[in-house]
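Enquirer: Below is a structure I'd like to ask you about.
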Amino acid sequence: MAEHESLEFGKADFVLMDNVCMEDFMANLKLRFEKGRIYSYIGEVVVSVNPYRAMNIYGRDAVEQYRNRELYERPPHLFAIADAAYKAMKRRNKDTCIVISGESGAGKTEASKYIMQYIAAITNPNQRAEVERVKNMLLKSNCVLEAFGNAKTNRNDNSSRFGKYMDINFDFKGDPIGGHISNYLLEKSRVIFQQDGERSFHSFYQLLRGGPESLLRSLHIQKDPKAYAYIKVGGQVKSSINDGADFKAVADAMKVIGFTSEETLTAYKILATTLHLGNLTFGVDGDVILIQNPKVVSVIGELLSTPEDNVEKALLFRTVATGRDVIDKQHTAQEAGYGRDALAKAMYERLFCWIVGRINDVIEVKNYDARVHGKNTVIGVLDIYGFEIFQNNSFEQFCINYCNEKLQQLFIQLVLKQEQEEYQREGIPWKHIDYFNNQIIVDLVEQQHKGIFSVLDEACMNVGKVTDEVFLQGLNGKLAKHVHYTSRKVGRNRNLLEISYFTETGPYSVVGFIDKNKDTLFQDFKRLLYNSSNPVFKAMWPEGKLRITEVTKRPLTAATLFKNSMISLVENLACKEPYYVRCIKPNDVKSPLLFEQERCRHQVEYLGLLENVRVRRAGFAYRQTYPRFLQRYKMISEFTWPNHDLPSDREAVKRLLQGCGFDHDVAYGKTKVFVRTPRTLFSLEAQRADMLQRIVLFLQKVWRGTLARTRCRRMRAGLVILRAYRRYKVKSYVREVNRRFRNVRTMKDHGRSVKWPAPPKVLRRFEELLKNIHSRWWAWTLIKVLSPEEVLQVRAKVASLEALKGQRADLGLQRAWEGNYLKRDSPDTASSLALVSGELQRKDKFMRVLFSCNVRKINHFHKVEDRALLITDRHLYKMDPQKQYKPMKSIPLYNVTGLSVSPGKDQLVVFHTKDSRDLVVCLQGMRPPAESRIGELVGALLGHFRRWVWLCPCTLSLSLSLSLPLSLSLSLSL
């Protein structure tokens, strides 16, 4: 039921009317139309009134309002019925269909486009490329089919002159994966003739008014439709249709669908050929028939890619086989004109069917395996001719109205007859409702041996010349007593057969019935087009390959083909879950304000809407077998979830509904449960959706717990393996280290040359510590055999290396450091040095000499003098070697604050003192001459100070910096 609409707009659902009568129905329908509410409900049937104006109710916002909503939640709309069909298909995994019916001009084609638009909008949330492509193809195909299959009539500017049924295939996720279009009975007679005020198919006018000049020149046609006999009448009709813009839209759509430029050009050639055929005229010269405008034949030959002579022969002669002989029989002017018109109609029909086939090639489901991809479900959309009674009605109107009667019978069977019969079969109390069953009219048309189609086929099979009058006489002989059949003669040459439908009588002129049913096209034309050099023509006319002498089976008549296709269509619809859109035309002048009471009343009666309301009011909105009902809703009740232990499914369903408080709104049949109001069903669906969330959460919890436990067990197992592996790697590493270093004590280098094995990552820090331990042991092994003097020398070398490494090329580490070089460098004066040294030792109480050497002293005036330098553990002495090493200056070592040495090969030394009276000397007298003693001097002083600091609780700060480009500073502070 519909909600959210004020009563000022009338009853949104006709089931809610206070009195179920025609007057109240029409009053409610008129009120809603005048208030701009063009959609109403009869239960789940949508009643649509053509507004004849654009309405802003189909945008993206409207799509979101109806998406995943139940019918009663929002005001009536086409989107609601489309969503209901989509949800039914997705929820119950069942094929559905939407049957759109009504008179011509009632808005069926627009309704089908809006339904397609909605289905395209709600699918494909992930924007997958293939799904988007299929949706685009389905929408674009409408544009192309309307151009070649629709026309302007007196009732409708965009009337479908063919029947279209489209199946949209969906995968198990509900995304469209393809489709298939079936077309029925194109009104090809419109190609050569239109009634006053009507046009031929849109495609002709789109080509003439929208085609570029270059294209029109290549096709030898001009822009004025009045120049062509076939569409001259339509060329004078004023229309609001923009043919120029539509031409571009159709060309773009064909390109998107996949038509090649050659195929599109071939379609235009067929349109142009049809126009040129209409301008062909025939004349007679004695006994010979002639074409009065042969230039047109040349143009037709060029467009059909076939020789001009062949075209002319096919138009003027008919090849006939008599036994083994083949002769060319010349046409009469009447026969030539008939053949020309038949060729024009057949070419256009083949073009239309070829376009439908090409679209199907693109959109049909390919490489789909239900075992792999899941079940393929379908939503069918039927947009077919509306019921038509014109002033002049012919074979096409007869077939169209038969189609409508057939669909109305399906509606009656599914909605009215079957529903009432099902209540009786299930034992549900029911008061029978009378309705008009139009099966009698369907039988009148299609019944074997007695129906109108059968009589028409018999007349077409008779030998000799059979006229339409003979056919009418045959009908009168078999159907004269039928209550719905009459015939009469109007005027001199016009015979009518009349069928009394439910609400009106349809008079049909039998003129042309025989010819249109035979649908005769001379075989010469088929061979002509098959032998064209254009491959598209060859594909359109495969029967043209037959030789004239070949005997073929009589082709089925147009009536039989149409009847078989309608029977197949109804069977296809009957096996799906149907949804209905019943379209109503409010007036004949296309006014958005006028509501013609009688016009609409007639349609309401014909469509059986009032009977539908009565059945819906008295019946049940939903019914389902007990097992299927339980399968869907058993999770709602604790007595049925997960399985029940009650005596039967019927008792389980009863217990479930009683627990939900819906026992008053249901009835229990023999095999099915019946739910009276949609609200109860929607409430069940809401409870099911709520429980599904809980069930899903429970399953997720259990599954996630299982995954977590599995993951935990794997992690534990991995941890055990990891620990075992680590232990194994550690043990392997330790054993390998032990093996390699087992005999290092007996090696000459104490294992210095042994290569360490590569450790595992976890032992890299351990390896560093182990190497450090080994290095310390190795150093201790080397040092422990040294004398105290050698130990002091090693410490001095280490200190010098730490301070000067990388700063000087040669530190003298490879030789033994003697310390006191004055004795060695000047052996002649050794006795004098010994006396002076002994005297200084007695005086200053020093313990040992750290370093001594001949130097060259540089004073403040850059004057150079030879001097001797003696450094003890207490003082630094500057002595004059020319005066038996007489001490010239004595500096206590605690006054020395720093030492600067040069980084070059020279041996310049600066002693920094507290009183800033620095001593600058250059070491000299080396033997050998290249011997470097800078490293020994630095090492001796650093070794002495470090040893002294270790013996005394003082602090030592050592900083090394380059204070000048040529000097290296060592700062020592106590």
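Convention: chains lettered A, B, ... in structure tokens order; per-chain residue numbering from 1; ligands numbered from 1 as shown.
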At a cut-off of 9 Å, can you tabulate as CSV every residue of region 55-89 of chain A near region 670-686 of chain A together with its closest atom pair and the distance in Å to one decimal, using only C-alpha atoms and ordering rows by chain then number?
Expert:
residue,atom,partner,partner_atom,distance
A:Glu70,CA,A:Phe682,CA,7.1
A:Leu71,CA,A:Pro678,CA,8.7
A:Tyr72,CA,A:Arg679,CA,7.8
Enquirer: Limited to N, CA, C and O atoms, could you put the picked residues into a file as an mmCIF file, in the first residue's frame?
Expert:
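Below is the file that was written, result.cif:
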data_model
loop_
_atom_site.group_PDB
_atom_site.id
_atom_site.type_symbol
_atom_site.label_atom_id
_atom_site.label_comp_id
_atom_site.auth_asym_id
_atom_site.auth_seq_id
_atom_site.Cartn_x
_atom_site.Cartn_y
_atom_site.Cartn_z
ATOM 1 N N GLU A 70 10.176 -0.957 -0.031
ATOM 2 C CA GLU A 70 9.000 -1.724 -0.369
ATOM 3 C C GLU A 70 7.980 -0.809 -1.042
ATOM 4 O O GLU A 70 8.050 0.419 -0.946
ATOM 5 N N LEU A 71 6.985 -1.447 -1.710
ATOM 6 C CA LEU A 71 6.032 -0.673 -2.493
ATOM 7 C C LEU A 71 5.296 0.372 -1.661
ATOM 8 O O LEU A 71 5.071 1.491 -2.102
ATOM 9 N N TYR A 72 4.919 0.012 -0.429
ATOM 10 C CA TYR A 72 4.075 0.909 0.356
ATOM 11 C C TYR A 72 4.852 2.060 0.989
ATOM 12 O O TYR A 72 4.267 2.989 1.527
#
Enquirer: Leaving out Leu610 (chain A) and any residue of its chain fewer than 6 positions from it, which residues lie within 8 Å of it when counting only C-alpha atoms, given as a ChimeraX atom specification?
Expert: /A:20-22,25,604
Enquirer: Please give the complete set of residues from region 544-714 of chain A that DSSP, run on the backbone, assigns to alpha helix (DSSP H), formatted as a PyMOL selection string.
Expert: chain A and resi 558-574+597-607+609-618+626-633+649-660+678-714
Enquirer: Give me the residues near region 224-239 of chain A as a ChimeraX atom specification, where near means some atom within 10 Å (using only C-alpha atoms) and where sequence neighbours in that chain fewer than 3 positions away do not count.
Expert: /A:151-153,157,190-201,204-205,207-209,221,242-243,274-280,341,344
Enquirer: Looking only at the backbone, which of the residues in region 743-941 of chain A does DSSP tag as strand (DSSP E or B), as a ChimeraX atom specification?
Expert: /A:820,849-858,864-872,875-880,886-892,896-901,908-913,919-923
Enquirer: Using only C-alpha atoms, tabulate the residues of region 761-831 of chain A lying at most 12 Å from any atom of region 878-885 of chain A, each with its closest atom pair and that distance in Å to one decimal, by chain and increasing residue number, as JSON lines.
Expert:
{"residue": "A:Leu822", "atom": "CA", "partner": "A:Pro881", "partner_atom": "CA", "distance": 9.7}
{"residue": "A:Lys823", "atom": "CA", "partner": "A:Tyr885", "partner_atom": "CA", "distance": 11.7}
{"residue": "A:Asp825", "atom": "CA", "partner": "A:Pro881", "partner_atom": "CA", "distance": 11.9}
{"residue": "A:Ser826", "atom": "CA", "partner": "A:Pro881", "partner_atom": "CA", "distance": 9.6}
{"residue": "A:Asp828", "atom": "CA", "partner": "A:Gln884", "partner_atom": "CA", "distance": 10.7}
{"residue": "A:Thr829", "atom": "CA", "partner": "A:Gln884", "partner_atom": "CA", "distance": 7.2}
{"residue": "A:Ala830", "atom": "CA", "partner": "A:Gln884", "partner_atom": "CA", "distance": 9.4}
{"residue": "A:Ser831", "atom": "CA", "partner": "A:Gln884", "partner_atom": "CA", "distance": 9.1}
Enquirer: Keeping C-alpha atoms, export the residues of the selection given above as a PDB file, in the first residue's frame.
Expert:
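selection-v7.pdb was written with the following content:
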ATOM      1  CA  LEU A 822     120.947  12.203  22.541  1.00  0.00           C
ATOM      2  CA  LYS A 823     123.279   9.351  23.540  1.00  0.00           C
ATOM      3  CA  ASP A 825     122.866  10.557  17.937  1.00  0.00           C
ATOM      4  CA  SER A 826     125.922  12.244  19.654  1.00  0.00           C
ATOM      5  CA  ASP A 828     131.107  11.954  21.387  1.00  0.00           C
ATOM      6  CA  THR A 829     129.290  14.076  23.934  1.00  0.00           C
ATOM      7  CA  ALA A 830     127.615  11.188  25.792  1.00  0.00           C
ATOM      8  CA  SER A 831     129.817  11.686  28.872  1.00  0.00           C
TER       9      SER A 831
END
Enquirer: One number please: CA of Arg614 (chain A) to CA of Val15 (chain A), in Å, one decimal.
Expert: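 Interatomic distance here is 7.8 Å.
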Enquirer: Using only C-alpha atoms, which residues sit within 7 Å of Ile168 (chain A) once same-chain residues fewer than 3 positions away are excluded, as a list in words?
Expert: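 Those residues are Pro176, Gly178, Gly179, His180, Val378, Ile379 and Gly380 of chain A.
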Enquirer: Give me a file of those residues, with C-alpha atoms, as a compact mmCIF listing (two decimals), in the first residue's frame.
Expert:
# COMPACT_ATOMS: atom_id res chain seq x y z
CA PRO A 176 23.46 -7.15 -15.64
CA GLY A 178 23.75 -9.25 -21.09
CA GLY A 179 20.38 -9.31 -22.72
CA HIS A 180 18.32 -10.32 -25.71
CA VAL A 378 16.28 -12.64 -16.01
CA ILE A 379 14.07 -9.56 -15.88
CA GLY A 380 11.90 -9.23 -18.98
Enquirer: Which residues are close to Phe522 (chain A), i.e. within 8 Å by only C-alpha atoms, leaving aside same-chain residues fewer than 3 positions away? Reply as a list of chain:residue names.
Expert: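 Result of the neighbour search: A:Arg318, A:Gly339, A:Phe525, A:Lys526.
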Enquirer: Do you have the CA of Asp873 (chain A)-CA of Met888 (chain A) distance handy?
Expert: 18.2 Å
Enquirer: Please produce, as JSON lines, a per-residue contact table for region 739-855 of chain A versus region 721-727 of chain A (criterion: any atom at most 12 Å away, only C-alpha atoms considered), showing the nearest atom pair and its distance in Å to one decimal, sorted by chain then residue number.
Expert:
{"residue": "A:Pro759", "atom": "CA", "partner": "A:Arg726", "partner_atom": "CA", "distance": 11.2}
{"residue": "A:Pro760", "atom": "CA", "partner": "A:Arg726", "partner_atom": "CA", "distance": 8.2}
{"residue": "A:Lys761", "atom": "CA", "partner": "A:Arg726", "partner_atom": "CA", "distance": 9.5}
{"residue": "A:Val762", "atom": "CA", "partner": "A:Arg726", "partner_atom": "CA", "distance": 7.9}
{"residue": "A:Leu763", "atom": "CA", "partner": "A:Arg726", "partner_atom": "CA", "distance": 9.6}
Enquirer: Would you write out those residues with N, CA, C and O atoms, as a PDB file, in the first residue's frame?
Expert:
ATOM      1  N   PRO A 759      77.357 -15.318  11.308  1.00  0.00           N
ATOM      2  CA  PRO A 759      76.420 -15.620  12.392  1.00  0.00           C
ATOM      3  C   PRO A 759      74.977 -15.443  11.924  1.00  0.00           C
ATOM      4  O   PRO A 759      74.699 -14.704  10.989  1.00  0.00           O
ATOM      5  N   PRO A 760      73.999 -16.083  12.545  1.00  0.00           N
ATOM      6  CA  PRO A 760      72.591 -15.750  12.290  1.00  0.00           C
ATOM      7  C   PRO A 760      72.291 -14.342  12.797  1.00  0.00           C
ATOM      8  O   PRO A 760      73.049 -13.783  13.596  1.00  0.00           O
ATOM      9  N   LYS A 761      71.192 -13.768  12.339  1.00  0.00           N
ATOM     10  CA  LYS A 761      70.866 -12.391  12.702  1.00  0.00           C
ATOM     11  C   LYS A 761      70.810 -12.193  14.210  1.00  0.00           C
ATOM     12  O   LYS A 761      71.238 -11.181  14.743  1.00  0.00           O
ATOM     13  N   VAL A 762      70.255 -13.173  14.885  1.00  0.00           N
ATOM     14  CA  VAL A 762      70.058 -13.023  16.321  1.00  0.00           C
ATOM     15  C   VAL A 762      71.386 -12.954  17.076  1.00  0.00           C
ATOM     16  O   VAL A 762      71.448 -12.484  18.211  1.00  0.00           O
ATOM     17  N   LEU A 763      72.490 -13.409  16.449  1.00  0.00           N
ATOM     18  CA  LEU A 763      73.781 -13.457  17.135  1.00  0.00           C
ATOM     19  C   LEU A 763      74.771 -12.422  16.608  1.00  0.00           C
ATOM     20  O   LEU A 763      75.970 -12.530  16.902  1.00  0.00           O
TER      21      LEU A 763
END
Enquirer: Of the candidates A:Leu804, A:Val510, A:Ile452, A:Leu719, which shows the shortest atom-to-atom distance to Glu469 (chain A), using only C-alpha atoms?
Expert: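 Of all the options, A:Val510 lies closest to Glu469 (chain A).
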Enquirer: What's around Leu923 (chain A) at 9 Å? Count only C-alpha atoms, leave out sequence neighbours fewer than 4 positions away in its own chain, and write the answer as number ranges by chain.
Expert: A: 853-857, 869, 906-909, 932-934
